[in-house]
Each structure stands twice: as C-alpha cells, then as structure tokens.
file query32.csv (CSV, C-alpha atoms)
chain,number,residue,atom,x,y,z
F,1,MET,CA,-2.7,32.6,-23.5
F,2,TYR,CA,0.6,33.2,-21.7
F,3,PRO,CA,0.9,32.7,-17.9
F,4,GLU,CA,0.5,35.9,-16.0
F,5,ILE,CA,3.6,37.9,-15.4
F,6,SER,CA,3.1,39.6,-12.0
F,7,SER,CA,5.0,41.1,-9.1
F,8,THR,CA,2.3,40.3,-6.6
F,9,PRO,CA,1.1,36.6,-6.2
F,10,LYS,CA,-2.6,36.0,-6.2
F,11,LYS,CA,-4.1,34.5,-3.1
F,12,SER,CA,-6.0,31.2,-3.4
F,13,GLY,CA,-9.3,30.5,-1.7
F,14,ASN,CA,-7.3,28.2,0.7
F,15,HIS,CA,-5.4,31.1,2.2
F,16,ASN,CA,-6.6,32.3,5.6
F,17,PRO,CA,-4.9,35.3,7.3
F,18,ASN,CA,-5.8,33.8,10.7
F,19,ILE,CA,-3.6,30.9,10.1
F,20,THR,CA,-2.4,30.6,13.7
F,21,SER,CA,-5.8,29.4,14.8
F,22,MET,CA,-5.8,26.5,12.4
F,23,SER,CA,-4.9,22.9,13.1
F,24,GLY,CA,-1.6,21.6,11.8
F,25,VAL,CA,-3.2,19.8,8.8
F,26,GLN,CA,-5.3,22.9,7.9
F,27,ALA,CA,-2.3,25.2,8.1
F,28,ALA,CA,-0.1,23.0,6.0
F,29,ARG,CA,-2.6,23.1,3.2
F,30,GLN,CA,-2.5,26.9,2.9
F,31,PHE,CA,-0.9,28.4,-0.2
F,32,GLU,CA,-1.1,31.3,-2.7
F,33,LEU,CA,-1.5,30.6,-6.4
F,34,PRO,CA,1.8,30.3,-8.4
F,35,VAL,CA,2.6,32.9,-11.0
F,36,TYR,CA,5.2,33.2,-13.7
F,37,LYS,CA,7.7,36.1,-13.6
F,38,GLU,CA,10.4,37.5,-15.9
F,39,ASN,CA,12.8,40.2,-14.6
F,40,GLY,CA,16.5,40.9,-14.2
F,41,ALA,CA,16.9,37.8,-12.0
F,42,GLY,CA,15.6,35.6,-14.8
F,43,ALA,CA,12.5,33.6,-15.5
F,44,TYR,CA,10.8,31.7,-12.6
F,45,ILE,CA,7.6,30.6,-11.0
F,46,GLU,CA,6.8,32.0,-7.6
F,47,PHE,CA,4.2,31.0,-5.0
F,48,ARG,CA,3.9,31.0,-1.2
F,49,ALA,CA,3.0,28.0,1.0
F,50,TYR,CA,2.8,27.4,4.8
F,51,ASP,CA,6.0,26.0,6.3
F,52,PRO,CA,5.0,23.9,9.4
F,53,GLU,CA,8.5,24.0,10.8
F,54,LYS,CA,8.8,27.8,10.6
F,55,GLY,CA,5.2,28.4,11.5
F,56,LYS,CA,4.6,30.9,8.7
F,57,MET,CA,4.0,31.3,4.9
F,58,ARG,CA,7.2,31.1,2.9
F,59,ARG,CA,8.1,32.0,-0.7
F,60,LYS,CA,9.0,29.2,-3.1
F,61,THR,CA,10.5,29.7,-6.5
F,62,ILE,CA,11.2,27.4,-9.4
F,63,LYS,CA,13.7,28.7,-11.9
F,64,LEU,CA,13.2,28.2,-15.6
F,65,ASN,CA,16.4,29.7,-17.0
F,66,ARG,CA,17.5,26.4,-18.5
F,67,THR,CA,14.6,26.4,-20.9
F,68,LYS,CA,15.8,28.3,-23.9
F,69,GLY,CA,13.5,30.6,-25.9
F,70,VAL,CA,10.8,32.8,-24.5
F,71,ALA,CA,7.9,30.9,-26.2
F,72,LYS,CA,9.2,27.5,-25.0
F,73,ARG,CA,9.9,28.8,-21.5
F,74,ARG,CA,6.4,30.3,-21.2
F,75,ALA,CA,4.8,27.1,-22.5
F,76,HIS,CA,6.8,25.1,-20.0
F,77,ALA,CA,5.7,27.5,-17.2
F,78,ARG,CA,2.1,26.9,-18.1
F,79,GLN,CA,2.5,23.2,-17.7
F,80,ILE,CA,4.3,23.5,-14.4
F,81,ILE,CA,1.8,26.0,-13.0
F,82,LYS,CA,-1.1,23.7,-13.9
F,83,ARG,CA,0.6,20.8,-12.2
F,84,LEU,CA,1.5,22.9,-9.1
F,85,ILE,CA,-2.1,24.0,-8.6
F,86,ASP,CA,-3.3,20.4,-8.9
F,87,GLN,CA,-0.7,19.3,-6.4
F,88,LEU,CA,-1.4,22.1,-3.9
F,89,ASN,CA,-5.1,21.4,-4.1
F,90,HIS,CA,-4.5,17.8,-3.3
F,91,GLY,CA,-2.6,18.7,-0.1
F,92,TRP,CA,1.0,18.8,-1.3
F,93,ASN,CA,3.3,21.0,0.7
F,94,PRO,CA,6.7,22.0,-0.9
F,95,TRP,CA,8.4,22.3,2.6
F,96,ILE,CA,7.4,18.7,3.4
F,97,ALA,CA,7.9,16.9,0.1
F,98,GLY,CA,10.9,18.6,-1.5
F,99,ASP,CA,11.1,20.1,-4.9
F,100,ALA,CA,7.8,20.0,-6.9
F,101,THR,CA,9.6,19.4,-10.1
F,102,ASP,CA,10.6,15.9,-8.9
F,103,LEU,CA,7.3,15.0,-7.3
F,104,MET,CA,5.9,11.5,-8.1
F,105,VAL,CA,2.2,10.7,-7.9
F,106,PHE,CA,1.7,7.6,-5.8
F,107,GLU,CA,-0.6,5.9,-8.2
F,108,ASP,CA,1.9,6.4,-11.0
F,109,ALA,CA,4.5,4.7,-8.9
F,110,VAL,CA,2.2,1.8,-8.2
F,111,GLU,CA,1.5,1.4,-12.0
F,112,ARG,CA,5.3,1.4,-12.6
F,113,TYR,CA,5.7,-1.3,-9.9
F,114,ILE,CA,2.9,-3.4,-11.6
F,115,SER,CA,4.8,-3.1,-14.9
F,116,HIS,CA,7.9,-4.2,-13.1
F,117,ILE,CA,6.4,-7.4,-11.6
F,118,GLU,CA,4.7,-8.2,-14.9
F,119,LYS,CA,8.1,-8.1,-16.6
F,120,MET,CA,9.6,-10.3,-13.8
F,121,LEU,CA,6.8,-12.8,-14.4
F,122,ALA,CA,7.2,-12.8,-18.2
F,123,SER,CA,11.0,-13.2,-17.8
F,124,GLY,CA,10.7,-16.2,-15.5
F,125,TYR,CA,12.1,-14.5,-12.4
F,126,PHE,CA,8.7,-14.6,-10.6
F,127,ARG,CA,6.4,-17.6,-10.3
F,128,LYS,CA,2.8,-17.1,-11.1
F,129,ASP,CA,1.8,-17.4,-7.4
F,130,THR,CA,4.4,-14.8,-6.4
F,131,TYR,CA,3.0,-12.4,-9.0
F,132,ASP,CA,-0.6,-13.1,-8.0
F,133,GLY,CA,0.3,-12.5,-4.4
F,134,TYR,CA,1.8,-9.1,-5.0
F,135,LYS,CA,-1.2,-8.1,-7.2
F,136,SER,CA,-3.5,-9.1,-4.4
F,137,ASN,CA,-1.5,-7.0,-1.9
F,138,ILE,CA,-1.7,-4.0,-4.2
F,139,LYS,CA,-5.5,-4.5,-4.6
F,140,ILE,CA,-6.0,-4.4,-0.8
F,141,MET,CA,-3.6,-1.5,-0.4
F,142,ARG,CA,-5.6,0.5,-3.0
F,143,GLU,CA,-8.8,-0.4,-1.2
F,144,TYR,CA,-7.3,0.8,2.1
F,145,ILE,CA,-6.2,4.1,0.5
F,146,GLU,CA,-9.7,4.7,-0.9
F,147,LYS,CA,-11.6,3.8,2.3
F,148,ARG,CA,-9.3,4.7,5.1
F,149,GLN,CA,-6.2,6.9,4.4
F,150,SER,CA,-5.9,8.8,1.2
F,151,ILE,CA,-2.4,9.5,-0.1
F,152,TYR,CA,-1.7,11.3,-3.4
F,153,TYR,CA,2.1,11.5,-3.5
F,154,VAL,CA,4.9,9.0,-2.9
F,155,TYR,CA,6.3,11.0,0.0
F,156,GLN,CA,3.1,10.3,1.8
F,157,PHE,CA,3.9,6.6,1.7
F,158,ASN,CA,5.7,6.8,5.0
F,159,ARG,CA,6.2,4.8,8.2
F,160,ARG,CA,2.9,6.0,9.7
F,161,PHE,CA,1.1,4.8,6.6
F,162,CYS,CA,2.7,1.4,6.7
F,163,VAL,CA,2.1,0.9,10.4
F,164,ASP,CA,-1.6,1.9,10.0
F,165,PHE,CA,-2.1,-0.3,7.0
F,166,LEU,CA,-0.6,-3.3,8.8
F,167,ASP,CA,-3.0,-2.6,11.7
F,168,TYR,CA,-5.8,-2.5,9.2
F,169,ILE,CA,-4.8,-5.9,7.9
F,170,PHE,CA,-4.3,-7.5,11.3
F,171,ILE,CA,-7.1,-5.9,13.3
F,172,GLU,CA,-9.8,-4.5,11.1
F,173,ARG,CA,-9.7,-7.2,8.5
F,174,ASN,CA,-9.2,-9.8,11.3
F,175,ASN,CA,-6.4,-11.6,9.5
F,176,GLY,CA,-3.8,-13.8,11.3
F,177,ALA,CA,-0.3,-12.8,12.3
F,178,GLN,CA,1.2,-14.7,9.4
F,179,THR,CA,-0.9,-12.7,6.9
F,180,ARG,CA,0.1,-9.5,8.6
F,181,ASN,CA,3.8,-10.6,8.2
F,182,ASN,CA,3.2,-11.4,4.5
F,183,TYR,CA,1.9,-7.9,4.0
F,184,LEU,CA,4.9,-6.4,5.8
F,185,ASN,CA,7.1,-8.4,3.4
F,186,PHE,CA,5.2,-6.9,0.5
F,187,LEU,CA,5.6,-3.4,1.9
F,188,ARG,CA,9.3,-4.0,2.2
F,189,VAL,CA,9.7,-5.1,-1.3
F,190,PHE,CA,7.6,-2.3,-2.7
F,191,SER,CA,9.6,0.2,-0.5
F,192,GLY,CA,12.8,-1.1,-2.0
F,193,PHE,CA,11.5,-0.6,-5.5
F,194,LEU,CA,10.6,3.0,-4.6
F,195,VAL,CA,14.1,3.6,-3.3
F,196,ASP,CA,15.8,2.0,-6.2
F,197,LYS,CA,13.8,4.2,-8.6
F,198,GLY,CA,14.7,7.3,-6.6
F,199,PHE,CA,11.1,8.1,-5.6
F,200,LEU,CA,12.0,7.8,-1.9
F,201,GLN,CA,15.3,8.4,0.0
F,202,SER,CA,14.8,5.5,2.4
F,203,LYS,CA,12.5,2.6,3.1
F,204,PRO,CA,9.6,3.5,5.4
F,205,THR,CA,9.4,-0.1,6.5
F,206,ASP,CA,12.8,0.0,8.2
F,207,GLY,CA,12.3,-0.7,11.9
F,208,ILE,CA,8.9,-2.3,11.5
F,209,SER,CA,9.1,-5.8,12.9
F,210,PRO,CA,7.2,-8.9,12.0
F,211,ILE,CA,5.2,-10.7,14.7
F,212,SER,CA,7.4,-13.5,16.0
F,213,LYS,CA,6.1,-17.0,15.2
F,214,ARG,CA,6.8,-17.8,18.9
F,215,ALA,CA,4.4,-15.0,19.9
F,216,TYR,CA,1.3,-16.4,18.3
F,217,ALA,CA,-0.5,-19.7,18.2
F,218,LYS,CA,-0.6,-21.7,15.1
F,219,GLU,CA,-3.6,-20.7,13.0
F,220,ARG,CA,-4.3,-24.3,11.8
F,221,GLU,CA,-4.6,-27.5,13.7
F,222,CYS,CA,-4.0,-31.2,13.0
F,223,ILE,CA,-7.2,-33.0,12.2
F,224,PRO,CA,-8.3,-36.0,14.3
F,225,VAL,CA,-8.0,-39.3,12.6
F,226,GLU,CA,-11.7,-40.1,12.8
F,227,VAL,CA,-12.5,-36.7,11.2
F,228,VAL,CA,-10.0,-37.5,8.4
F,229,GLY,CA,-11.9,-40.7,7.8
F,230,HIS,CA,-15.2,-38.8,7.5
F,231,ILE,CA,-13.5,-36.4,5.0
F,232,ALA,CA,-12.4,-39.3,2.9
F,233,GLU,CA,-15.9,-40.9,2.9
F,234,TYR,CA,-17.6,-37.6,1.9
F,235,CYS,CA,-15.1,-36.8,-0.9
F,236,ARG,CA,-15.2,-40.2,-2.4
F,237,GLU,CA,-18.9,-39.9,-2.8
F,238,LYS,CA,-19.3,-36.1,-3.5
F,239,ASP,CA,-16.0,-34.9,-4.8
F,240,PRO,CA,-13.8,-37.8,-5.9
F,241,HIS,CA,-11.1,-35.8,-7.8
F,242,PHE,CA,-10.7,-33.5,-4.8
F,243,LEU,CA,-10.0,-36.6,-2.7
F,244,PHE,CA,-7.0,-37.3,-5.0
F,245,ALA,CA,-5.7,-33.8,-4.1
F,246,CYS,CA,-6.3,-34.7,-0.4
F,247,TYR,CA,-4.3,-37.9,-0.9
F,248,LEU,CA,-1.3,-36.0,-2.4
F,249,LEU,CA,-1.3,-33.5,0.5
F,250,TYR,CA,-1.8,-36.1,3.2
F,251,TYR,CA,0.5,-38.8,2.0
F,252,CYS,CA,3.0,-37.0,-0.3
F,253,PHE,CA,3.0,-33.5,1.2
F,254,ILE,CA,2.6,-31.8,-2.2
F,255,ARG,CA,1.8,-28.2,-1.8
F,256,PRO,CA,-1.5,-27.0,-3.5
F,257,VAL,CA,0.5,-24.6,-5.8
F,258,GLU,CA,2.7,-27.5,-6.8
F,259,MET,CA,-0.3,-29.7,-7.5
F,260,THR,CA,-1.6,-27.2,-10.1
F,261,ARG,CA,1.6,-27.6,-12.0
F,262,LEU,CA,2.0,-31.4,-11.9
F,263,ARG,CA,1.4,-33.3,-15.1
F,264,VAL,CA,0.7,-37.0,-15.6
F,265,GLY,CA,4.2,-37.6,-16.9
F,266,HIS,CA,5.7,-36.6,-13.5
F,267,PHE,CA,4.2,-39.8,-12.0
F,268,ASN,CA,6.2,-43.1,-12.4
F,269,ILE,CA,3.7,-45.8,-11.6
F,270,LYS,CA,6.2,-48.6,-12.2
F,271,ALA,CA,8.7,-47.1,-9.8
F,272,CYS,CA,6.0,-45.8,-7.4
F,273,THR,CA,7.4,-42.3,-7.4
F,274,LEU,CA,6.4,-38.8,-8.1
F,275,THR,CA,9.1,-36.3,-9.2
F,276,ILE,CA,8.6,-32.6,-8.6
F,277,PRO,CA,10.8,-30.7,-11.1
F,278,ALA,CA,12.8,-27.7,-9.9
F,279,GLU,CA,10.9,-25.3,-12.1
F,280,LEU,CA,7.6,-26.4,-10.4
F,281,SER,CA,8.8,-26.6,-6.8
F,282,LYS,CA,8.8,-23.7,-4.3
F,283,ASN,CA,12.4,-24.4,-3.4
F,284,ARG,CA,13.6,-24.7,-7.0
F,285,LYS,CA,15.0,-28.2,-6.4
F,286,THR,CA,14.1,-31.4,-8.3
F,287,GLN,CA,13.0,-33.9,-5.7
F,288,THR,CA,11.3,-37.3,-5.7
F,289,VAL,CA,8.8,-38.7,-3.2
F,290,THR,CA,7.3,-42.1,-2.7
F,291,LEU,CA,3.8,-42.8,-3.9
F,292,PRO,CA,1.9,-45.0,-1.4
F,293,LYS,CA,0.1,-47.9,-3.0
F,294,LYS,CA,-3.2,-46.5,-1.9
F,295,VAL,CA,-2.6,-43.3,-3.8
F,296,ILE,CA,-1.6,-45.1,-7.0
F,297,LEU,CA,-4.6,-47.4,-6.9
F,298,TYR,CA,-7.0,-44.5,-6.4
F,299,GLY,CA,-5.4,-42.5,-9.2
F,300,ILE,CA,-5.9,-45.5,-11.5
F,301,GLU,CA,-9.5,-45.9,-10.3
F,302,ILE,CA,-10.5,-42.3,-11.2
F,303,GLY,CA,-8.5,-42.3,-14.5
F,304,ILE,CA,-5.7,-39.9,-13.6
F,305,PHE,CA,-3.0,-42.0,-15.2
F,306,SER,CA,-5.0,-42.8,-18.4
F,307,ALA,CA,-4.8,-39.2,-19.5
F,308,PRO,CA,-2.1,-37.9,-21.9
F,309,MET,CA,1.3,-37.5,-20.3
F,310,GLU,CA,1.4,-33.7,-20.9
F,311,ASP,CA,-2.0,-33.1,-19.2
F,312,PHE,CA,-2.1,-31.4,-15.9
F,313,ILE,CA,-3.4,-33.8,-13.3
F,314,PHE,CA,-5.8,-31.1,-12.1
F,315,SER,CA,-7.6,-29.0,-14.7
F,316,VAL,CA,-11.2,-28.0,-15.2
F,317,GLY,CA,-13.4,-29.8,-12.6
F,318,LEU,CA,-10.1,-31.0,-11.0
F,319,LYS,CA,-9.9,-33.6,-13.7
F,320,PRO,CA,-6.8,-34.1,-16.0
F,321,GLY,CA,-6.7,-31.5,-18.8
F,322,GLU,CA,-4.7,-29.0,-20.8
F,323,ASN,CA,-5.4,-25.9,-18.7
F,324,GLU,CA,-3.6,-25.0,-15.5
F,325,ILE,CA,-5.9,-24.0,-12.7
F,326,ASN,CA,-5.6,-21.5,-9.8
F,327,PRO,CA,-4.6,-23.0,-6.4
F,328,LYS,CA,-7.5,-21.1,-4.9
F,329,ILE,CA,-9.8,-23.8,-6.4
F,330,PHE,CA,-8.6,-26.3,-3.7
F,331,ARG,CA,-9.6,-23.9,-1.0
F,332,ASP,CA,-13.0,-23.5,-2.5
F,333,HIS,CA,-13.5,-27.3,-2.6
F,334,TRP,CA,-12.3,-27.5,1.0
F,335,SER,CA,-14.8,-24.8,2.1
F,336,ARG,CA,-17.6,-26.9,0.7
F,337,VAL,CA,-16.3,-30.0,2.5
F,338,ARG,CA,-15.9,-28.0,5.8
F,339,ARG,CA,-19.4,-26.6,5.6
F,340,ALA,CA,-21.0,-30.0,4.8
F,341,LEU,CA,-19.2,-31.8,7.6
F,342,ARG,CA,-19.2,-28.8,10.0
F,343,LEU,CA,-15.5,-28.8,10.5
F,344,LYS,CA,-13.7,-26.4,12.8
F,345,SER,CA,-12.3,-23.3,11.1
F,346,GLU,CA,-8.8,-24.3,12.4
F,347,TRP,CA,-9.0,-27.4,10.3
F,348,LYS,CA,-7.8,-26.1,7.0
F,349,PHE,CA,-6.9,-27.9,3.7
F,350,TYR,CA,-3.2,-27.5,4.5
F,351,SER,CA,-3.9,-29.2,7.9
F,352,LEU,CA,-3.9,-32.5,6.0
F,353,LYS,CA,-0.2,-32.1,5.5
F,354,ASP,CA,0.5,-31.5,9.2
F,355,THR,CA,-1.9,-34.4,10.1
F,356,GLY,CA,-0.1,-36.7,7.6
F,357,ILE,CA,3.3,-36.0,9.0
F,358,THR,CA,2.0,-36.6,12.6
F,359,GLN,CA,0.4,-39.9,11.7
F,360,MET,CA,3.6,-41.1,10.0
F,361,LEU,CA,5.6,-40.4,13.1
F,362,LYS,CA,3.0,-42.1,15.3
F,363,ALA,CA,3.3,-45.1,13.0
F,364,ASN,CA,7.0,-45.2,14.2
F,365,MET,CA,8.4,-44.4,10.8
F,366,PRO,CA,12.0,-43.1,11.0
F,367,ALA,CA,12.0,-39.3,11.3
F,368,ILE,CA,14.5,-39.0,8.5
F,369,ASP,CA,12.2,-40.9,6.1
F,370,VAL,CA,9.3,-38.6,7.0
F,371,ARG,CA,11.6,-35.6,6.6
F,372,ASP,CA,12.5,-36.8,3.1
F,373,GLN,CA,8.9,-37.5,2.1
F,374,ALA,CA,8.0,-34.0,3.3
F,375,ARG,CA,11.1,-32.4,1.7
F,376,HIS,CA,11.9,-30.7,5.0
F,377,SER,CA,15.0,-30.6,7.1
F,378,SER,CA,12.8,-30.9,10.2
F,379,LEU,CA,9.2,-31.7,11.0
F,380,ALA,CA,8.5,-28.0,11.5
F,381,ILE,CA,7.0,-26.1,8.6
F,382,THR,CA,10.2,-24.4,7.4
F,383,GLU,CA,11.9,-23.3,4.2
F,384,ILE,CA,15.0,-25.4,4.8
F,385,TYR,CA,15.2,-28.5,2.8
F,386,ALA,CA,17.4,-31.6,2.9
F,387,GLU,CA,18.9,-33.6,0.1
F,388,HIS,CA,16.7,-36.5,-0.9
F,389,SER,CA,17.4,-40.0,-2.3
F,390,ASP,CA,15.3,-41.1,-5.4
F,391,THR,CA,14.8,-44.6,-3.9
F,392,ILE,CA,11.3,-45.3,-2.5
F,393,ASN,CA,10.5,-46.0,1.1
F,394,PRO,CA,8.6,-49.4,1.3
F,395,GLU,CA,6.8,-48.5,4.5
F,396,ILE,CA,5.4,-45.3,3.0
F,397,PHE,CA,4.5,-47.3,-0.2
F,398,ARG,CA,2.4,-49.7,1.9
F,399,LEU,CA,0.9,-46.9,4.1
F,400,ASP,CA,-2.9,-47.1,4.4
F,401,GLY,CA,-4.0,-44.3,6.8
F,402,ALA,CA,-7.2,-42.8,7.9
F,403,LEU,CA,-7.9,-40.8,4.7

call {"tool": "encode", "arguments": {"input": "query32.csv", "output": "structure tokens"}}
result
Amino acid sequence: MYPEISSTPKKSGNHNPNITSMSGVQAARQFELPVYKENGAGAYIEFRAYDPEKGKMRRKTIKLNRTKGVAKRRAHARQIIKRLIDQLNHGWNPWIAGDATDLMVFEDAVERYISHIEKMLASGYFRKDTYDGYKSNIKIMREYIEKRQSIYYVYQFNRRFCVDFLDYIFIERNNGAQTRNNYLNFLRVFSGFLVDKGFLQSKPTDGISPISKRAYAKERECIPVEVVGHIAEYCREKDPHFLFACYLLYYCFIRPVEMTRLRVGHFNIKACTLTIPAELSKNRKTQTVTLPKKVILYGIEIGIFSAPMEDFIFSVGLKPGENEINPKIFRDHWSRVRRALRLKSEWKFYSLKDTGITQMLKANMPAIDVRDQARHSSLAITEIYAEHSDTINPEIFRLDGAL
C-alpha cells in the first residue's frame, strides 16, 4: 500500500486546538501526522509540529526528489513516515532537534560508543580497567535514564542532562566528590565521541567544572599503627594470601590493578626487587621497587615464589595461578576484614598505601627514597612520577613495620 497522497494533513490524537493553555512540554509534543505528496513542486513529506520559539504550529517538509523512480520514492517515503511517527510519538520536535533525516537515537549512539571502546581494548589502546570503568559508567547512566530522566534522541543529551546526572551520582547515590569527578570525565569523553561522529555540534559538558580537590576532605584516612597490627593478625589466620596483597600495598605501594597483572617472574628474590613492566603499570613506565625482607620471607612461607614463573601471583582464591582476576576481589576481601574488625569506613584498602608512606617518613627515611619506592614525584597522591634507580634501598629492605 502506497503512502497517502493528500493535500490536507491528518491531525493526530496529540493535537489540541487549545494549545495556548498547555505547558511548554505539552505544547512542544503537538503534531499532525505526516503525509506524502506529489505535485508540481515535486515529491515530499509534509507535517506540522508546534514551534516553541514561534508559539504556533509550523509546517515541515522533507523533499524526496533525489530518490529516482516513483516506486522507489514511495517506498522510501513509507519508511520515513513510519520513522517520523515513531519519533514524534516519543517527543521529538523538528524545531528543536534539526532535520529528522539526520536524527540519531541515543541508545544507538551508546551502542556505537561501546563498539568503539571494545575496539580500543582489543587494539591495546585501552587497559582492561579503563574499559571496565567506562562500561560501568554506561550502566549507571542507562539506569538513570530508565529511572529518572528519559531521553530518546542524542540531542536530548544536553548540558541539563549532564548536570542532573552528576547531581544524581553525587547526591542521590551518595558518592564522593572524586567519584563525581570521574563521571564528569566519562561524560566529557563520551561527549567528544558524539561530536567526532557528527551526532552533536558541541560538547554539552563544556563549562561543567569538577569539584576541586581543595574543596573536599579526603575520603580515606591513614590507619593507626595498632589497627594495622590487628589487620595483620587477622589476615594471617583467616586470609593469608590477602595479607600478601596488604604487604605489597603497605610496603611496596603496588596498586591493586597492578597486583592483578603481576606474575611470579616479575619478582627477583636474589636482588630483592620487584619490577613492574610498562605494559602493566598505570603510568606506562617500567619501574623497580625494593622488596622488604619481611615481604620476601612471607611470600616464601605461603608458596608464592614456588609457583611457575608465568603464573599470576594472585589468581583464584588469591593464590598463584594461570587466570587473571578482577581488582574488585581485593575490595571484597577488605570488606570482610573491615566488618570482622569493625573498622571505620574511612579506612579503605588503599589506605594501607597512605599509611605505609606515612610510617616510612616517621621512621626518618629520606623523602626521596620514599618517593622512589612509591613511584611518585611527591608524597601526595598524584599522577606525576619521577625517574627511579634499579638499586635497592637497604633501609626499606630491612623494614619491619606494624603490618
């Protein structure tokens, strides 16, 4: 059946002649059903929709003269009319969004972005944790759209949406300022993708500022020495392999993500060093740190260094094995420790790194040696790193702290 050729557009059930009494949103959703026409002016689709700026219904046409052949043109018109009706019923307004022929469904754009980051991961441009982070951001954004603020087209992904979504993350979900800033970074990257693909003209995140680190208190705290001792006693009895992870974080400042990538062969027991290759490190630099004697002896005790050189040091059950694990496992183990010992929520697994640095400084170790061990350019948690010597530090090697 061909699309109807008519000189008078049919009114949809959404059209209300008393349009001036409606709210802005209600008025913007008013339209008349599109129809296909052929006359001396050519072939085109015509419909009317409310223009919020003009305050009245306006006629919109989509020319089809470029499609050659009557049969092909009418078939093409049927497809466009079907799409237009769906778009109009979902709240699209041609005077807000632009030409309907170039309209992009938001979920389609999200799927294309997912394909993009999957390719970036497969090509080695993204690390697994970067990919997982973006997938998690997308999941939460989809949940927000479903529960709080529905959007159907890419043009609805605007500054208001981004601001409201960040408030949802920070206030309603009760996340910290750093998490809110991380989501802002995701929105910026996603906005850039939409602009690069031509789905948006500009980034809606422009002008949205992160919360300054100076404006909020640190969300984790150093752990008192006596509490660190209790953690060590508990883990040695209840979770011995997790204690080795605690040692690596407390004494060697190895990030949890890096721990999941380390293999037995990265440890040099004879030289008392641990080398983190560039491809495993967050900063993409190959760096070597000193292994304290206490860490080496405990690793020998629980059989870490007896495993094959190619084994990950943490695999199933946090024991050496062939399978790489998700860093989230460390947080799960820490949660059990925290509940068992009734630790403060501010004492997080990563607090062991802050505590270890603080204790080294209190032990009067040279700040530059602590900097090198932490692979930092300063004692602050930063992304700036210093060059590092491969020689071990004897004081760190002999270190026997509270853990």

call {"tool": "atom_distance", "arguments": {"input": "query32.csv", "atom1": "CA of Asp372 in chain F", "atom2": "CA of Thr288 in chain F"}}
result
8.9 Å

call {"tool": "atom_distance", "arguments": {"input": "query32.csv", "atom1": "CA of Pro204 in chain F", "atom2": "CA of Glu172 in chain F"}}
result
21.7 Å

call {"tool": "residues_around", "arguments": {"input": "query32.csv", "residues": "Arg236 in chain F", "least_positions_apart": "5", "cutoff": "12 Å", "atoms": "only C-alpha atoms", "output": "mmCIF file with C-alpha atoms, keeping the file's coordinate frame"}}
result
data_model
loop_
_atom_site.group_PDB
_atom_site.id
_atom_site.type_symbol
_atom_site.label_atom_id
_atom_site.label_comp_id
_atom_site.auth_asym_id
_atom_site.auth_seq_id
_atom_site.Cartn_x
_atom_site.Cartn_y
_atom_site.Cartn_z
ATOM 1 C CA GLY F 229 -11.900 -40.700 7.800
ATOM 2 C CA HIS F 230 -15.200 -38.800 7.500
ATOM 3 C CA ILE F 231 -13.500 -36.400 5.000
ATOM 4 C CA HIS F 241 -11.100 -35.800 -7.800
ATOM 5 C CA PHE F 242 -10.700 -33.500 -4.800
ATOM 6 C CA LEU F 243 -10.000 -36.600 -2.700
ATOM 7 C CA PHE F 244 -7.000 -37.300 -5.000
ATOM 8 C CA ALA F 245 -5.700 -33.800 -4.100
ATOM 9 C CA CYS F 246 -6.300 -34.700 -0.400
ATOM 10 C CA TYR F 247 -4.300 -37.900 -0.900
ATOM 11 C CA TYR F 298 -7.000 -44.500 -6.400
ATOM 12 C CA GLU F 301 -9.500 -45.900 -10.300
ATOM 13 C CA ILE F 302 -10.500 -42.300 -11.200
ATOM 14 C CA VAL F 337 -16.300 -30.000 2.500
ATOM 15 C CA LEU F 403 -7.900 -40.800 4.700
#

call {"tool": "atom_distance", "arguments": {"input": "query32.csv", "atom1": "CA of Thr358 in chain F", "atom2": "CA of Ser345 in chain F"}}
result
19.6 Å

call {"tool": "closest_residue", "arguments": {"input": "query32.csv", "among": "F:Asn364, F:Asn323, F:Gln178, F:Asn89", "to": "Arg220 in chain F", "atoms": "only C-alpha atoms"}}
result
F:Gln178

call {"tool": "residues_near_point", "arguments": {"input": "query32.csv", "point": "(9.6, 32.3, -20.5)", "cutoff": "9 Å", "atoms": "all atoms listed in the file", "output": "compact mmCIF listing (two decimals) with C-alpha atoms, keeping the file's coordinate frame"}}
result
# COMPACT_ATOMS: atom_id res chain seq x y z
CA TYR F 36 5.20 33.20 -13.70
CA LYS F 37 7.70 36.10 -13.60
CA GLU F 38 10.40 37.50 -15.90
CA GLY F 42 15.60 35.60 -14.80
CA ALA F 43 12.50 33.60 -15.50
CA TYR F 44 10.80 31.70 -12.60
CA LEU F 64 13.20 28.20 -15.60
CA ASN F 65 16.40 29.70 -17.00
CA THR F 67 14.60 26.40 -20.90
CA LYS F 68 15.80 28.30 -23.90
CA GLY F 69 13.50 30.60 -25.90
CA VAL F 70 10.80 32.80 -24.50
CA ALA F 71 7.90 30.90 -26.20
CA LYS F 72 9.20 27.50 -25.00
CA ARG F 73 9.90 28.80 -21.50
CA ARG F 74 6.40 30.30 -21.20
CA ALA F 75 4.80 27.10 -22.50
CA HIS F 76 6.80 25.10 -20.00
CA ALA F 77 5.70 27.50 -17.20

call {"tool": "closest_residue", "arguments": {"input": "query32.csv", "among": "F:Val110, F:Ala49, F:Leu121, F:Ile368", "to": "Trp95 in chain F", "atoms": "all atoms listed in the file"}}
result
F:Ala49

call {"tool": "closest_residue", "arguments": {"input": "query32.csv", "among": "F:Ser202, F:Ser306, F:Gln287, F:Asn93", "to": "Gly321 in chain F", "atoms": "all atoms listed in the file"}}
result
F:Ser306

call {"tool": "closest_residue", "arguments": {"input": "query32.csv", "among": "F:Lys203, F:Lys328, F:Lys293, F:Arg255", "to": "Ala374 in chain F", "atoms": "only C-alpha atoms"}}
result
F:Arg255

call {"tool": "closest_residue", "arguments": {"input": "query32.csv", "among": "F:Phe312, F:Phe253, F:Tyr125, F:Tyr131", "to": "His266 in chain F", "atoms": "only C-alpha atoms"}}
result
F:Phe312

call {"tool": "closest_residue", "arguments": {"input": "query32.csv", "among": "F:Pro277, F:Arg336, F:Ser150, F:Tyr134", "to": "Asn185 in chain F", "atoms": "all atoms listed in the file"}}
result
F:Tyr134

call {"tool": "decode", "arguments": {"input": "query32.csv", "residues": "range 37-58 of chain F", "atoms": "C-alpha atoms", "output": "short mmCIF file (atom, residue, chain, number, x, y, z; two decimals), in the first residue's frame"}}
result
data_model
loop_
_atom_site.label_atom_id
_atom_site.label_comp_id
_atom_site.auth_asym_id
_atom_site.auth_seq_id
_atom_site.Cartn_x
_atom_site.Cartn_y
_atom_site.Cartn_z
CA LYS F 37 2.61 14.44 -1.55
CA GLU F 38 3.34 14.58 -5.24
CA ASN F 39 2.58 17.76 -7.21
CA GLY F 40 4.19 20.33 -9.45
CA ALA F 41 6.66 21.22 -6.69
CA GLY F 42 7.93 17.65 -6.60
CA ALA F 43 7.66 14.77 -4.15
CA TYR F 44 7.83 15.46 -0.41
CA ILE F 45 6.58 14.54 3.04
CA GLU F 46 4.65 17.18 4.93
CA PHE F 47 3.56 17.52 8.55
CA ARG F 48 3.02 20.21 11.13
CA ALA F 49 4.53 20.47 14.61
CA TYR F 50 4.49 23.08 17.36
CA ASP F 51 7.42 25.53 17.31
CA PRO F 52 8.12 26.67 20.92
CA GLU F 53 10.05 29.72 19.71
CA LYS F 54 7.27 30.93 17.40
CA GLY F 55 4.50 29.81 19.74
CA LYS F 56 2.46 28.15 17.00
CA MET F 57 2.18 25.10 14.75
CA ARG F 58 4.53 25.21 11.76
#
